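A short write-up of the structure that comes next.
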Amino acid sequence: MESSTSSTSNFIRNIVIEDLKSGKHKEIITRFPPEPNGCLHIGHAKSIVLNFELADEFNGKTNLRFDDTNPTKEDTEYVESIKEDIRWLGYEWDGLHFASDYFEEMYNRAVLLIKKGKAFVCDLSADEIKEYRGTLTVPGKESPYRNRSIEENLDLFERMRKGEFGDGEKVLRAKIDMSSPNINMRDPVIYRISHTKHQRTGNKWCVYPMYDFAHPIEDAIEGITHSICTLEFEDHRPLYDWVVRECEMEHIPQQIEFARLNLTNTIMSKRFLKQLVDEGVVDGWDDPRMPTIAGLRRRGYTPESIRNFCREIGVAKATSTVDSQMLEHFVRDDLSAKCPRVMGVIRPIKIVITNYPEDKVEMLEVNYNPNIPEMGKRLVPFSRELYIEEEDFMENPPKKYFRLFPGNEVRLMEAYFIKCNEVIKDENGKVIEIRCTYDPETKSGTGFTGRKVKGTIHWVSAKHAVPAEMRLYEPLILDENDGEEKSFMDRINPNSMKIVNGFVEPALKDAKPQDKFQFMRVGYFNVDIKYTTNDKLVFNRIVSLKSSFKMK
RNA sequence: UGGGUAGUAGCCAAGUCGGUAAGGCACGGGACUUUGACUCCCGGAUGCGUAGGUUCGAGUCCUGCCUACCCAGCCA
């Protein structure tokens, strides 16, 4: 795996280095353990990059493991999309596993716990268990079923498995300490009854292990050395260690927690993302405004840019929110070297070059990227009528505006100098056409040095222009600017997408979905895979170009 | 008010045995420019949540305090 940005030091990497040095491990094994209940997003990418690259750096391995212990929430449809996203990001896992592959083993370990007097079947209802649990400041009370005999527990647990009880009638609980200040240790439920068909094991099971019980066993079975998860599991670590120890797992994995990714103007929770999809606020999981991997891909982000971003933001334990401009920086950085640079006008206004012959067409040979000649050239037609960018003309410009305005001369990129002489308006006073003259002496490439112009603008020959729909995006979610806290549904940006109709140069006529271009002076654009047809080009603006020009 | 974790520039973040504050993003200034892009220079903490203490020397060690986040699913 190439790495254009080297990973910076972080505390997890330091732990790995230390463990290798001390001989605690000869080889490290990490894992990425998604629950197949939704699409992967940029936050998952942080974890993926961390796990895969850490293992890669130290010649270790990384497993992909689907944590499918709750059949009521999971769906096999997500399994393939998750695999696709990981591969697209550029990673290939060593082992591919499913938590459900270990159900028998987990069951046996639970039986072991019972035999050791460390687990018991509890008949309390969910509400009662909650009551008995106590609160953050008040210790819990022991369940009246806590002291059932081992024999009875064994019998009951077996009958739970056989399906003799209904959902919620009984649970298996670890017997730890109801007065622990850590609520997770107050006899946590480790198995529940759910007569639900599982995506992979079908109706074989009606008891399913809880995360806290299942996860450490999965890690131990696979020989995971460093089980990296997010901060909210910090309180669970004592339980994680308890399970590994009491279940007498031969391999002892270590759980390490880091802060999940937060991004400005972005909502990352699966629940909210799902709501956006379900309520039709967006076009689906792959809407180009979504922070999902699928959304970023459709928007036009590259795997390299996402990887570089993930490497650069670092890994730490402090809760933080990364500026989304950081992400934008890394796409620009990556695309800058990869994309052909072409001319596209997103808000066209027509200009007529009055002294240019009616039927003349000049074919200009233009490099796709002046810095990278190997990218080749194409021919760009030039003629009497052109479209330029609406914002490249102002009738009454402010100071320091050096684009087109009455009496001013600018360069048409790769073509001639033109001078604006006349402005045509409609009955409402709106400018509908700009009339200019050109100077034949100033043709690009002729070495004309007679005079200079301050501005260079892009254009497309009207007669040859290829119409295209451009979708301009802004953040889907707006951060509350220190007002009172709003629900995220109230933070939806009504202007998150603007659809405009523009023109691109003819060389793009046959552009294919996912082809990426820099529209010079405008931004980076990706051909949309969903709405582009043979007759219609649809571009997603990936990100605009930076601009230090301030109108004012 | 129980437990857990964290506080280094506007935003991320490094900082190994205490030795005199990396890097990136953003921002500002300048150079260059047929993209107001890119690139290239220059600019930032006498300061590391805060108050004390130990020390020749503290972001690093000690004590107190403040603030923020997480935890009471038969979710993960």
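Ordered as shown in the structure tokens, chains take letters A, B, and onward, while each chain numbers its residues from 1 and ligands are numbered from 1 in the order shown.
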Excluding same-chain residues fewer than 3 positions from stretch 27-38 of chain B, what lies within 8 Å of it counting only C-alpha atoms (C1' of nucleotides), as a list in words? Ser336, Arg411, Met413, Glu414, Ser444, Thr456, Met520, Arg521, Leu545, Lys546, Ser547, Ser548 and Phe549 of chain A; C41, C42 and G43 of chain B
Should the cut-off be 12 Å, what would the residue list for chain B against chain A look like, counting only C-alpha atoms (C1' of nucleotides), as a PyMOL selection string? chain B and resi 1-8+10-16+22-28+33-39+68-76
Mind the document's chain letters and residue numbers, and return as number ranges by chain the residues of stretch 63-185 of chain A that DSSP labels strand (DSSP E). A: 63-66, 96-98, 119-122, 171-174
Tell me, as a VMD selection string, which residues lie within 9 Å of B:C48, counting only C-alpha atoms (C1' of nucleotides); anything in the same chain fewer than 3 positions away does not count. chain B and resid 8 21 45 59
Residues within 10 Å of A:Asp94, please, as a PyMOL selection string. Count only C-alpha atoms (C1' of nucleotides); anything in the same chain fewer than 6 positions from it doesn't count. chain A and resi 29-31+52+60-64
Suppose we keep all heavy atoms; can you now write the selection as a PDB file, in the first residue's frame?
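The new file out-v9.pdb reads:
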ATOM      1  N   ILE A  29      -2.613  -8.688  15.269  1.00  0.00           N
ATOM      2  CA  ILE A  29      -3.811  -8.925  14.464  1.00  0.00           C
ATOM      3  C   ILE A  29      -4.887  -7.954  14.931  1.00  0.00           C
ATOM      4  O   ILE A  29      -5.231  -7.915  16.112  1.00  0.00           O
ATOM      5  CB  ILE A  29      -4.333 -10.371  14.614  1.00  0.00           C
ATOM      6  CG1 ILE A  29      -3.215 -11.380  14.315  1.00  0.00           C
ATOM      7  CG2 ILE A  29      -5.514 -10.607  13.672  1.00  0.00           C
ATOM      8  CD1 ILE A  29      -3.658 -12.836  14.404  1.00  0.00           C
ATOM      9  N   THR A  30      -5.376  -7.173  13.983  1.00  0.00           N
ATOM     10  CA  THR A  30      -6.452  -6.244  14.303  1.00  0.00           C
ATOM     11  C   THR A  30      -7.715  -6.714  13.576  1.00  0.00           C
ATOM     12  O   THR A  30      -7.676  -7.703  12.851  1.00  0.00           O
ATOM     13  CB  THR A  30      -6.114  -4.816  13.831  1.00  0.00           C
ATOM     14  OG1 THR A  30      -5.907  -4.832  12.419  1.00  0.00           O
ATOM     15  CG2 THR A  30      -4.849  -4.307  14.510  1.00  0.00           C
ATOM     16  N   ARG A  31      -8.777  -6.001  13.809  1.00  0.00           N
ATOM     17  CA  ARG A  31     -10.000  -6.392  13.124  1.00  0.00           C
ATOM     18  C   ARG A  31     -10.885  -5.177  12.936  1.00  0.00           C
ATOM     19  O   ARG A  31     -10.816  -4.216  13.680  1.00  0.00           O
ATOM     20  CB  ARG A  31     -10.699  -7.511  13.934  1.00  0.00           C
ATOM     21  CG  ARG A  31     -11.926  -7.106  14.671  1.00  0.00           C
ATOM     22  CD  ARG A  31     -11.603  -6.817  16.147  1.00  0.00           C
ATOM     23  NE  ARG A  31     -11.367  -5.428  16.344  1.00  0.00           N
ATOM     24  CZ  ARG A  31     -12.103  -4.633  17.101  1.00  0.00           C
ATOM     25  NH1 ARG A  31     -13.085  -5.108  17.818  1.00  0.00           N
ATOM     26  NH2 ARG A  31     -11.841  -3.368  17.187  1.00  0.00           N
ATOM     27  N   PHE A  52      -6.283  -1.347   9.434  1.00  0.00           N
ATOM     28  CA  PHE A  52      -5.564  -1.996   8.338  1.00  0.00           C
ATOM     29  C   PHE A  52      -4.125  -1.507   8.223  1.00  0.00           C
ATOM     30  O   PHE A  52      -3.210  -2.287   8.009  1.00  0.00           O
ATOM     31  CB  PHE A  52      -6.300  -1.782   7.011  1.00  0.00           C
ATOM     32  CG  PHE A  52      -7.455  -2.734   6.814  1.00  0.00           C
ATOM     33  CD1 PHE A  52      -8.728  -2.411   7.239  1.00  0.00           C
ATOM     34  CD2 PHE A  52      -7.251  -3.973   6.210  1.00  0.00           C
ATOM     35  CE1 PHE A  52      -9.796  -3.286   7.065  1.00  0.00           C
ATOM     36  CE2 PHE A  52      -8.308  -4.858   6.029  1.00  0.00           C
ATOM     37  CZ  PHE A  52      -9.587  -4.519   6.458  1.00  0.00           C
ATOM     38  N   GLY A  60       1.365  -7.329  10.188  1.00  0.00           N
ATOM     39  CA  GLY A  60       0.358  -8.123  10.868  1.00  0.00           C
ATOM     40  C   GLY A  60      -0.814  -8.426   9.948  1.00  0.00           C
ATOM     41  O   GLY A  60      -0.678  -8.370   8.725  1.00  0.00           O
ATOM     42  N   LYS A  61      -1.913  -8.749  10.559  1.00  0.00           N
ATOM     43  CA  LYS A  61      -3.107  -9.087   9.780  1.00  0.00           C
ATOM     44  C   LYS A  61      -4.310  -8.304  10.286  1.00  0.00           C
ATOM     45  O   LYS A  61      -4.347  -7.871  11.441  1.00  0.00           O
ATOM     46  CB  LYS A  61      -3.419 -10.581   9.927  1.00  0.00           C
ATOM     47  CG  LYS A  61      -2.401 -11.506   9.299  1.00  0.00           C
ATOM     48  CD  LYS A  61      -2.893 -12.955   9.415  1.00  0.00           C
ATOM     49  CE  LYS A  61      -2.075 -13.897   8.552  1.00  0.00           C
ATOM     50  NZ  LYS A  61      -0.654 -13.970   8.990  1.00  0.00           N
ATOM     51  N   THR A  62      -5.285  -8.176   9.396  1.00  0.00           N
ATOM     52  CA  THR A  62      -6.534  -7.534   9.800  1.00  0.00           C
ATOM     53  C   THR A  62      -7.704  -8.379   9.308  1.00  0.00           C
ATOM     54  O   THR A  62      -7.769  -8.726   8.131  1.00  0.00           O
ATOM     55  CB  THR A  62      -6.645  -6.125   9.185  1.00  0.00           C
ATOM     56  OG1 THR A  62      -5.514  -5.350   9.598  1.00  0.00           O
ATOM     57  CG2 THR A  62      -7.925  -5.434   9.671  1.00  0.00           C
ATOM     58  N   ASN A  63      -8.584  -8.710  10.212  1.00  0.00           N
ATOM     59  CA  ASN A  63      -9.779  -9.463   9.827  1.00  0.00           C
ATOM     60  C   ASN A  63     -10.953  -8.529   9.623  1.00  0.00           C
ATOM     61  O   ASN A  63     -11.060  -7.495  10.276  1.00  0.00           O
ATOM     62  CB  ASN A  63     -10.159 -10.457  10.930  1.00  0.00           C
ATOM     63  CG  ASN A  63      -9.161 -11.596  11.039  1.00  0.00           C
ATOM     64  OD1 ASN A  63      -8.358 -11.828  10.129  1.00  0.00           O
ATOM     65  ND2 ASN A  63      -9.210 -12.303  12.147  1.00  0.00           N
ATOM     66  N   LEU A  64     -11.816  -8.959   8.727  1.00  0.00           N
ATOM     67  CA  LEU A  64     -13.109  -8.293   8.615  1.00  0.00           C
ATOM     68  C   LEU A  64     -14.085  -9.233   9.309  1.00  0.00           C
ATOM     69  O   LEU A  64     -14.142 -10.425   8.998  1.00  0.00           O
ATOM     70  CB  LEU A  64     -13.511  -8.128   7.149  1.00  0.00           C
ATOM     71  CG  LEU A  64     -14.979  -7.684   6.918  1.00  0.00           C
ATOM     72  CD1 LEU A  64     -15.270  -6.343   7.584  1.00  0.00           C
ATOM     73  CD2 LEU A  64     -15.269  -7.604   5.424  1.00  0.00           C
TER      74      LEU A  64
END
Tell me, which residues of stretch 151-333 of chain A carry DSSP helix (DSSP H, G or I), written as a PyMOL selection string? chain A and resi 151-162+183-185+211-222+231-246+270-278+293-299+303-313+324-333
Taking only C-alpha atoms into account, which of A:Asp334, A:Leu476, A:Met375, A:Ile267 comes nearest A:Ile306?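 The answer is A:Asp334, which sits nearest to A:Ile306.
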